[in-house]
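Undergrad: Handing over target_7.cif, mmCIF, C-alpha atoms; chains and numbers go by the auth columns.
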```cif
data_final
loop_
_atom_site.group_PDB
_atom_site.id
_atom_site.type_symbol
_atom_site.label_atom_id
_atom_site.label_comp_id
_atom_site.label_asym_id
_atom_site.label_seq_id
_atom_site.Cartn_x
_atom_site.Cartn_y
_atom_site.Cartn_z
_atom_site.B_iso_or_equiv
_atom_site.auth_seq_id
_atom_site.auth_asym_id
ATOM 1 C CA MET A 1 0.000 0.000 0.000 0.00 1 A
ATOM 2 C CA GLY A 2 1.290 3.436 -0.874 0.00 2 A
ATOM 3 C CA TRP A 3 1.576 6.617 1.128 0.00 3 A
ATOM 4 C CA ILE A 4 0.984 10.338 0.764 0.00 4 A
ATOM 5 C CA GLY A 5 3.756 12.767 1.631 0.00 5 A
ATOM 6 C CA VAL A 6 2.858 16.142 3.116 0.00 6 A
ATOM 7 C CA ASP A 7 5.391 18.923 3.549 0.00 7 A
ATOM 8 C CA LEU A 8 5.396 20.591 6.967 0.00 8 A
ATOM 9 C CA ASP A 9 6.364 24.259 6.674 0.00 9 A
ATOM 10 C CA GLY A 10 4.025 26.250 4.460 0.00 10 A
ATOM 11 C CA THR A 11 1.804 23.262 3.643 0.00 11 A
ATOM 12 C CA LEU A 12 0.664 21.600 6.879 0.00 12 A
ATOM 13 C CA SER A 13 1.753 24.429 9.188 0.00 13 A
ATOM 14 C CA LEU A 14 2.351 28.133 8.749 0.00 14 A
ATOM 15 C CA TYR A 15 5.950 29.210 8.647 0.00 15 A
ATOM 16 C CA PRO A 16 6.949 30.150 12.215 0.00 16 A
ATOM 17 C CA ASN A 17 6.325 33.829 13.018 0.00 17 A
ATOM 18 C CA ASN A 18 9.260 34.147 15.380 0.00 18 A
ATOM 19 C CA SER A 19 12.444 32.394 16.345 0.00 19 A
ATOM 20 C CA LYS A 20 10.858 30.950 19.523 0.00 20 A
ATOM 21 C CA GLU A 21 8.464 28.802 17.502 0.00 21 A
ATOM 22 C CA LEU A 22 9.922 25.635 16.046 0.00 22 A
ATOM 23 C CA ILE A 23 6.733 24.937 14.104 0.00 23 A
ATOM 24 C CA GLY A 24 3.977 27.357 13.177 0.00 24 A
ATOM 25 C CA PRO A 25 0.255 26.955 13.750 0.00 25 A
ATOM 26 C CA PRO A 26 -1.684 24.402 11.697 0.00 26 A
ATOM 27 C CA ILE A 27 -3.198 25.136 8.313 0.00 27 A
ATOM 28 C CA GLU A 28 -6.659 23.791 9.077 0.00 28 A
ATOM 29 C CA ARG A 29 -7.630 22.852 5.523 0.00 29 A
ATOM 30 C CA MET A 30 -4.553 20.606 5.225 0.00 30 A
ATOM 31 C CA VAL A 31 -4.929 19.165 8.725 0.00 31 A
ATOM 32 C CA LEU A 32 -8.528 18.190 7.922 0.00 32 A
ATOM 33 C CA ARG A 33 -7.387 16.631 4.644 0.00 33 A
ATOM 34 C CA VAL A 34 -4.705 14.582 6.448 0.00 34 A
ATOM 35 C CA LYS A 35 -7.187 13.430 9.099 0.00 35 A
ATOM 36 C CA HIS A 36 -9.583 12.350 6.323 0.00 36 A
ATOM 37 C CA TRP A 37 -6.866 10.307 4.612 0.00 37 A
ATOM 38 C CA ILE A 38 -5.992 8.649 7.921 0.00 38 A
ATOM 39 C CA THR A 39 -9.646 7.671 8.521 0.00 39 A
ATOM 40 C CA LYS A 40 -9.642 6.071 5.056 0.00 40 A
ATOM 41 C CA GLY A 41 -6.640 3.949 6.074 0.00 41 A
ATOM 42 C CA ILE A 42 -4.120 5.841 3.949 0.00 42 A
ATOM 43 C CA THR A 43 -0.610 6.163 5.338 0.00 43 A
ATOM 44 C CA VAL A 44 0.451 9.800 5.571 0.00 44 A
ATOM 45 C CA LYS A 45 4.030 10.867 6.216 0.00 45 A
ATOM 46 C CA ILE A 46 5.501 14.258 6.990 0.00 46 A
ATOM 47 C CA CYS A 47 7.987 14.808 4.166 0.00 47 A
ATOM 48 C CA THR A 48 10.307 17.599 5.288 0.00 48 A
ATOM 49 C CA ALA A 49 13.876 18.745 4.792 0.00 49 A
ATOM 50 C CA ARG A 50 14.051 19.040 8.587 0.00 50 A
ATOM 51 C CA ALA A 51 14.455 15.244 8.683 0.00 51 A
ATOM 52 C CA ALA A 52 17.587 15.335 6.528 0.00 52 A
ATOM 53 C CA LYS A 53 20.923 14.447 8.021 0.00 53 A
ATOM 54 C CA SER A 54 23.033 17.349 6.840 0.00 54 A
ATOM 55 C CA SER A 55 25.923 19.557 7.772 0.00 55 A
ATOM 56 C CA HIS A 56 23.409 22.219 8.865 0.00 56 A
ATOM 57 C CA TYR A 57 22.204 20.107 11.797 0.00 57 A
ATOM 58 C CA ASN A 58 24.024 18.242 14.472 0.00 58 A
ATOM 59 C CA GLU A 59 22.257 15.137 15.777 0.00 59 A
ATOM 60 C CA ARG A 60 21.094 16.908 18.953 0.00 60 A
ATOM 61 C CA ASP A 61 19.406 19.714 16.964 0.00 61 A
ATOM 62 C CA ARG A 62 17.880 17.197 14.568 0.00 62 A
ATOM 63 C CA ALA A 63 16.483 15.198 17.504 0.00 63 A
ATOM 64 C CA ILE A 64 14.920 18.380 18.914 0.00 64 A
ATOM 65 C CA GLU A 65 13.308 19.105 15.523 0.00 65 A
ATOM 66 C CA MET A 66 11.950 15.547 15.194 0.00 66 A
ATOM 67 C CA LYS A 67 10.482 15.649 18.721 0.00 67 A
ATOM 68 C CA ALA A 68 8.857 19.019 17.985 0.00 68 A
ATOM 69 C CA ILE A 69 7.258 17.610 14.814 0.00 69 A
ATOM 70 C CA GLU A 70 6.012 14.531 16.663 0.00 70 A
ATOM 71 C CA ASP A 71 4.517 16.685 19.436 0.00 71 A
ATOM 72 C CA TRP A 72 2.937 19.010 16.865 0.00 72 A
ATOM 73 C CA CYS A 73 1.353 16.052 15.041 0.00 73 A
ATOM 74 C CA LEU A 74 -0.041 14.599 18.246 0.00 74 A
ATOM 75 C CA LEU A 75 -1.507 17.964 19.277 0.00 75 A
ATOM 76 C CA HIS A 76 -3.029 18.942 15.931 0.00 76 A
ATOM 77 C CA ILE A 77 -3.651 15.644 14.111 0.00 77 A
ATOM 78 C CA GLY A 78 -4.140 13.311 17.049 0.00 78 A
ATOM 79 C CA VAL A 79 -1.446 10.826 16.015 0.00 79 A
ATOM 80 C CA VAL A 80 2.282 10.950 15.417 0.00 80 A
ATOM 81 C CA LEU A 81 2.940 10.627 11.695 0.00 81 A
ATOM 82 C CA PRO A 82 6.109 9.077 10.278 0.00 82 A
ATOM 83 C CA ILE A 83 8.677 11.735 9.361 0.00 83 A
ATOM 84 C CA THR A 84 10.978 11.479 6.352 0.00 84 A
ATOM 85 C CA ASN A 85 12.938 13.552 3.881 0.00 85 A
ATOM 86 C CA GLU A 86 12.930 10.820 1.247 0.00 86 A
ATOM 87 C CA LYS A 87 10.460 9.629 -1.316 0.00 87 A
ATOM 88 C CA ASP A 88 10.266 6.083 -2.598 0.00 88 A
ATOM 89 C CA TYR A 89 8.308 4.061 -5.135 0.00 89 A
ATOM 90 C CA GLN A 90 5.438 3.622 -2.655 0.00 90 A
ATOM 91 C CA MET A 91 4.738 7.373 -2.474 0.00 91 A
ATOM 92 C CA MET A 92 1.497 8.102 -4.340 0.00 92 A
ATOM 93 C CA GLU A 93 1.426 11.901 -3.949 0.00 93 A
ATOM 94 C CA LEU A 94 3.452 14.747 -2.505 0.00 94 A
ATOM 95 C CA TRP A 95 1.720 17.862 -1.214 0.00 95 A
ATOM 96 C CA ASP A 96 4.263 20.674 -1.011 0.00 96 A
ATOM 97 C CA ASP A 97 4.248 24.471 -1.273 0.00 97 A
ATOM 98 C CA ARG A 98 7.407 24.463 -3.408 0.00 98 A
ATOM 99 C CA ALA A 99 6.696 21.621 -5.816 0.00 99 A
ATOM 100 C CA VAL A 100 5.912 22.086 -9.496 0.00 100 A
ATOM 101 C CA GLN A 101 3.962 19.242 -11.062 0.00 101 A
ATOM 102 C CA VAL A 102 5.297 17.876 -14.330 0.00 102 A
ATOM 103 C CA ILE A 103 3.379 15.742 -16.821 0.00 103 A
ATOM 104 C CA PRO A 104 5.145 12.346 -16.749 0.00 104 A
ATOM 105 C CA ASN A 105 7.696 11.681 -19.475 0.00 105 A
ATOM 106 C CA THR A 106 7.338 15.132 -21.090 0.00 106 A
ATOM 107 C CA GLY A 107 9.145 17.720 -18.979 0.00 107 A
ATOM 108 C CA LYS A 108 6.047 19.935 -19.365 0.00 108 A
ATOM 109 C CA ARG A 109 4.512 21.711 -16.391 0.00 109 A
ATOM 110 C CA ALA A 110 1.051 20.382 -15.582 0.00 110 A
ATOM 111 C CA ASP A 111 -0.302 23.899 -15.017 0.00 111 A
ATOM 112 C CA GLY A 112 0.432 24.918 -18.618 0.00 112 A
ATOM 113 C CA ASN A 113 3.125 27.477 -17.744 0.00 113 A
ATOM 114 C CA LEU A 114 6.466 27.272 -19.464 0.00 114 A
#
```
Let's see the structure in the file written out as structure tokens.
TA:
Amino acid sequence: MGWIGVDLDGTLSLYPNNSKELIGPPIERMVLRVKHWITKGITVKICTARAAKSSHYNERDRAIEMKAIEDWCLLHIGVVLPITNEKDYQMMELWDDRAVQVIPNTGKRADGNL
């Protein structure tokens, strides 16, 4: 069974307003959509660059970020969703504020823009 990836910042939550917030408030339309998918038995994962192991994060900072995402999910969605920065062949969709959809095998944007 496949899964749906949902970006965190700007898609599922608002970008944080200040440096004290690790994660912004929920975007209700997306939270409701995620809850609906979950009730239908669809696996939903948070797909975020925050989960990446990179030179920008040490493991302690990354662990703090992951815990904040888990707590946020529990508070606003009611369950802790899996968190990843990777897609695989089981991913059916990706909901992201930065993505541009391309028509498969053409290189053409799906929205008709160049």
Undergrad: Just give me the gap between CA of Ala49 (chain A) and CA of His76 (chain A) in Å, one decimal is fine.
TA: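 Separation of CA of Ala49 (chain A) and CA of His76 (chain A): 20.2 Å.
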Undergrad: Between A:Val6, A:Leu75, A:Leu12, A:Cys47, which residue has the minimum interatomic distance to Val31 (chain A), considering only C-alpha atoms?
TA: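 Of the candidates, the smallest distance to Val31 (chain A) is held by A:Leu12.
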Undergrad: For Leu81 (chain A), which residue out of A:Ile46, A:Arg33, A:Ala63, A:Pro104 is the nearest one, using all atoms listed in the file?
TA: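 Of all the options, A:Ile46 lies closest to Leu81 (chain A).
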Undergrad: So how far away is CA of Leu114 (chain A) from CA of Asp7 (chain A), in Å?
TA: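 Rounded to one decimal, the two atoms are 24.5 Å apart.
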Undergrad: Just so the selection is clear, what residues does the PyMOL selection byres ((chain A and resi 88) around 12) cover here, as a PyMOL selection string?
TA: chain A and resi 2-5+45+47+84-87+89-94
Undergrad: With distances taken over only C-alpha atoms, which of A:Pro16, A:Gly10, A:Gly112, A:Gly41 is nearest to Glu28 (chain A)?
TA: A:Gly10
Undergrad: Give me the result of the PyMOL selection byres ((chain A and resi 77) around 10) on this file, residue by residue, as a PDB file with C-alpha atoms, in the frame of the given file.
TA:
```pdb
ATOM      1  CA  PRO A  26      -1.684  24.402  11.697  1.00  0.00           C
ATOM      2  CA  VAL A  31      -4.929  19.165   8.725  1.00  0.00           C
ATOM      3  CA  LEU A  32      -8.528  18.190   7.922  1.00  0.00           C
ATOM      4  CA  VAL A  34      -4.705  14.582   6.448  1.00  0.00           C
ATOM      5  CA  LYS A  35      -7.187  13.430   9.099  1.00  0.00           C
ATOM      6  CA  ILE A  38      -5.992   8.649   7.921  1.00  0.00           C
ATOM      7  CA  ASP A  71       4.517  16.685  19.436  1.00  0.00           C
ATOM      8  CA  TRP A  72       2.937  19.010  16.865  1.00  0.00           C
ATOM      9  CA  CYS A  73       1.353  16.052  15.041  1.00  0.00           C
ATOM     10  CA  LEU A  74      -0.041  14.599  18.246  1.00  0.00           C
ATOM     11  CA  LEU A  75      -1.507  17.964  19.277  1.00  0.00           C
ATOM     12  CA  HIS A  76      -3.029  18.942  15.931  1.00  0.00           C
ATOM     13  CA  GLY A  78      -4.140  13.311  17.049  1.00  0.00           C
ATOM     14  CA  VAL A  79      -1.446  10.826  16.015  1.00  0.00           C
ATOM     15  CA  VAL A  80       2.282  10.950  15.417  1.00  0.00           C
ATOM     16  CA  LEU A  81       2.940  10.627  11.695  1.00  0.00           C
TER      17      LEU A  81
END
```
Undergrad: Env of Ile27 (chain A): 8 Å cut, atoms = all atoms listed in the file, seq-sep filter 5 positions within chain, self excluded. Answer as a ChimeraX atom specification.
TA: /A:11-14
Undergrad: Calculate how many Å separate CA of Trp37 (chain A) from CA of Tyr15 (chain A), rounding to one decimal.
TA: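 That distance, rounded to one decimal, is 23.2 Å.
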Undergrad: Closest to Leu8 (chain A) among A:Asp111, A:Asp96, A:Glu59, A:Glu65, using all atoms listed in the file?
TA: A:Asp96
Undergrad: In terms of the shortest atom-to-atom distance over only C-alpha atoms, which of A:Met30, A:Val102, A:Val44, A:Leu22 is closest to Ile83 (chain A)?
TA: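 Distance minimum relative to Ile83 (chain A) lands on A:Val44.
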Undergrad: From the list A:Thr48, A:Ile64, A:Tyr57, A:His36, which residue is nearest Trp95 (chain A) when using only C-alpha atoms?
TA: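 Smallest separation from Trp95 (chain A) among the options: A:Thr48.
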Undergrad: How would region 75-89 of chain A look written as an mmCIF file, in the first residue's frame with all heavy atoms?
TA:
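Once everything was written out, this is selection-v2.cif:
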```
data_model
loop_
_atom_site.group_PDB
_atom_site.id
_atom_site.type_symbol
_atom_site.label_atom_id
_atom_site.label_comp_id
_atom_site.auth_asym_id
_atom_site.auth_seq_id
_atom_site.Cartn_x
_atom_site.Cartn_y
_atom_site.Cartn_z
ATOM 1 N N LEU A 75 -0.622 16.877 18.850
ATOM 2 C CA LEU A 75 -1.507 17.964 19.277
ATOM 3 C C LEU A 75 -2.548 18.315 18.217
ATOM 4 O O LEU A 75 -3.725 18.483 18.528
ATOM 5 C CB LEU A 75 -0.671 19.205 19.629
ATOM 6 C CG LEU A 75 -1.436 20.448 20.047
ATOM 7 C CD1 LEU A 75 -2.207 20.210 21.350
ATOM 8 C CD2 LEU A 75 -0.486 21.637 20.196
ATOM 9 N N HIS A 76 -2.137 18.417 16.965
ATOM 10 C CA HIS A 76 -3.029 18.942 15.931
ATOM 11 C C HIS A 76 -3.692 17.882 15.060
ATOM 12 O O HIS A 76 -4.747 18.137 14.477
ATOM 13 C CB HIS A 76 -2.271 19.933 15.047
ATOM 14 C CG HIS A 76 -1.792 21.127 15.793
ATOM 15 N ND1 HIS A 76 -2.635 22.084 16.301
ATOM 16 C CD2 HIS A 76 -0.546 21.505 16.156
ATOM 17 C CE1 HIS A 76 -1.939 23.011 16.930
ATOM 18 N NE2 HIS A 76 -0.667 22.678 16.858
ATOM 19 N N ILE A 77 -3.086 16.707 14.954
ATOM 20 C CA ILE A 77 -3.651 15.644 14.111
ATOM 21 C C ILE A 77 -4.200 14.499 14.958
ATOM 22 O O ILE A 77 -5.093 13.786 14.549
ATOM 23 C CB ILE A 77 -2.589 15.138 13.096
ATOM 24 C CG1 ILE A 77 -2.172 16.302 12.191
ATOM 25 C CG2 ILE A 77 -3.128 13.979 12.269
ATOM 26 C CD1 ILE A 77 -1.030 16.000 11.263
ATOM 27 N N GLY A 78 -3.662 14.350 16.150
ATOM 28 C CA GLY A 78 -4.140 13.311 17.049
ATOM 29 C C GLY A 78 -3.301 12.051 17.035
ATOM 30 O O GLY A 78 -3.505 11.161 17.859
ATOM 31 N N VAL A 79 -2.376 11.954 16.100
ATOM 32 C CA VAL A 79 -1.446 10.826 16.015
ATOM 33 C C VAL A 79 -0.087 11.354 15.571
ATOM 34 O O VAL A 79 0.004 12.409 14.950
ATOM 35 C CB VAL A 79 -1.915 9.744 15.018
ATOM 36 C CG1 VAL A 79 -3.212 9.100 15.466
ATOM 37 C CG2 VAL A 79 -2.047 10.301 13.626
ATOM 38 N N VAL A 80 0.946 10.613 15.894
ATOM 39 C CA VAL A 80 2.282 10.950 15.417
ATOM 40 C C VAL A 80 2.456 10.305 14.048
ATOM 41 O O VAL A 80 2.324 9.093 13.904
ATOM 42 C CB VAL A 80 3.368 10.457 16.395
ATOM 43 C CG1 VAL A 80 4.751 10.699 15.822
ATOM 44 C CG2 VAL A 80 3.217 11.143 17.751
ATOM 45 N N LEU A 81 2.723 11.132 13.051
ATOM 46 C CA LEU A 81 2.940 10.627 11.695
ATOM 47 C C LEU A 81 4.414 10.292 11.495
ATOM 48 O O LEU A 81 5.284 10.924 12.107
ATOM 49 C CB LEU A 81 2.521 11.681 10.670
ATOM 50 C CG LEU A 81 1.060 12.109 10.695
ATOM 51 C CD1 LEU A 81 0.831 13.258 9.712
ATOM 52 C CD2 LEU A 81 0.154 10.940 10.378
ATOM 53 N N PRO A 82 4.713 9.324 10.633
ATOM 54 C CA PRO A 82 6.109 9.077 10.278
ATOM 55 C C PRO A 82 6.707 10.339 9.648
ATOM 56 O O PRO A 82 6.001 11.095 8.968
ATOM 57 C CB PRO A 82 6.030 7.945 9.257
ATOM 58 C CG PRO A 82 4.676 7.345 9.417
ATOM 59 C CD PRO A 82 3.790 8.427 9.931
ATOM 60 N N ILE A 83 7.988 10.560 9.879
ATOM 61 C CA ILE A 83 8.677 11.735 9.361
ATOM 62 C C ILE A 83 9.829 11.275 8.479
ATOM 63 O O ILE A 83 10.620 10.425 8.876
ATOM 64 C CB ILE A 83 9.230 12.602 10.510
ATOM 65 C CG1 ILE A 83 8.113 12.965 11.492
ATOM 66 C CG2 ILE A 83 9.904 13.859 9.967
ATOM 67 C CD1 ILE A 83 8.626 13.506 12.819
ATOM 68 N N THR A 84 9.925 11.851 7.278
ATOM 69 C CA THR A 84 10.978 11.479 6.352
ATOM 70 C C THR A 84 11.400 12.683 5.523
ATOM 71 O O THR A 84 10.698 13.688 5.489
ATOM 72 C CB THR A 84 10.514 10.337 5.408
ATOM 73 O OG1 THR A 84 11.604 9.910 4.612
ATOM 74 C CG2 THR A 84 9.359 10.771 4.526
ATOM 75 N N ASN A 85 12.532 12.571 4.885
ATOM 76 C CA ASN A 85 12.938 13.552 3.881
ATOM 77 C C ASN A 85 13.145 12.857 2.534
ATOM 78 O O ASN A 85 13.663 13.453 1.609
ATOM 79 C CB ASN A 85 14.221 14.279 4.304
ATOM 80 C CG ASN A 85 15.416 13.355 4.318
ATOM 81 O OD1 ASN A 85 15.356 12.270 4.883
ATOM 82 N ND2 ASN A 85 16.508 13.760 3.699
ATOM 83 N N GLU A 86 12.713 11.608 2.455
ATOM 84 C CA GLU A 86 12.930 10.820 1.247
ATOM 85 C C GLU A 86 11.615 10.350 0.658
ATOM 86 O O GLU A 86 10.665 10.066 1.373
ATOM 87 C CB GLU A 86 13.775 9.587 1.572
ATOM 88 C CG GLU A 86 15.159 9.933 2.085
ATOM 89 C CD GLU A 86 15.956 8.695 2.470
ATOM 90 O OE1 GLU A 86 15.365 7.598 2.580
ATOM 91 O OE2 GLU A 86 17.166 8.835 2.652
ATOM 92 N N LYS A 87 11.592 10.264 -0.667
ATOM 93 C CA LYS A 87 10.460 9.629 -1.316
ATOM 94 C C LYS A 87 10.921 8.274 -1.832
ATOM 95 O O LYS A 87 12.115 8.026 -1.987
ATOM 96 C CB LYS A 87 9.899 10.502 -2.431
ATOM 97 C CG LYS A 87 10.862 10.841 -3.537
ATOM 98 C CD LYS A 87 10.198 11.782 -4.529
ATOM 99 C CE LYS A 87 11.086 11.997 -5.729
ATOM 100 N NZ LYS A 87 10.412 12.777 -6.765
ATOM 101 N N ASP A 88 9.950 7.400 -2.063
ATOM 102 C CA ASP A 88 10.266 6.083 -2.598
ATOM 103 C C ASP A 88 9.172 5.688 -3.578
ATOM 104 O O ASP A 88 8.257 6.472 -3.850
ATOM 105 C CB ASP A 88 10.443 5.052 -1.474
ATOM 106 C CG ASP A 88 9.214 4.904 -0.595
ATOM 107 O OD1 ASP A 88 8.071 5.074 -1.084
ATOM 108 O OD2 ASP A 88 9.377 4.620 0.603
ATOM 109 N N TYR A 89 9.263 4.493 -4.127
ATOM 110 C CA TYR A 89 8.308 4.061 -5.135
ATOM 111 C C TYR A 89 6.907 3.820 -4.576
ATOM 112 O O TYR A 89 5.963 3.664 -5.342
ATOM 113 C CB TYR A 89 8.816 2.809 -5.851
ATOM 114 C CG TYR A 89 9.994 3.114 -6.744
ATOM 115 C CD1 TYR A 89 11.276 2.691 -6.414
ATOM 116 C CD2 TYR A 89 9.825 3.844 -7.912
ATOM 117 C CE1 TYR A 89 12.363 2.982 -7.225
ATOM 118 C CE2 TYR A 89 10.896 4.147 -8.738
ATOM 119 C CZ TYR A 89 12.157 3.711 -8.384
ATOM 120 O OH TYR A 89 13.224 4.010 -9.195
#
```
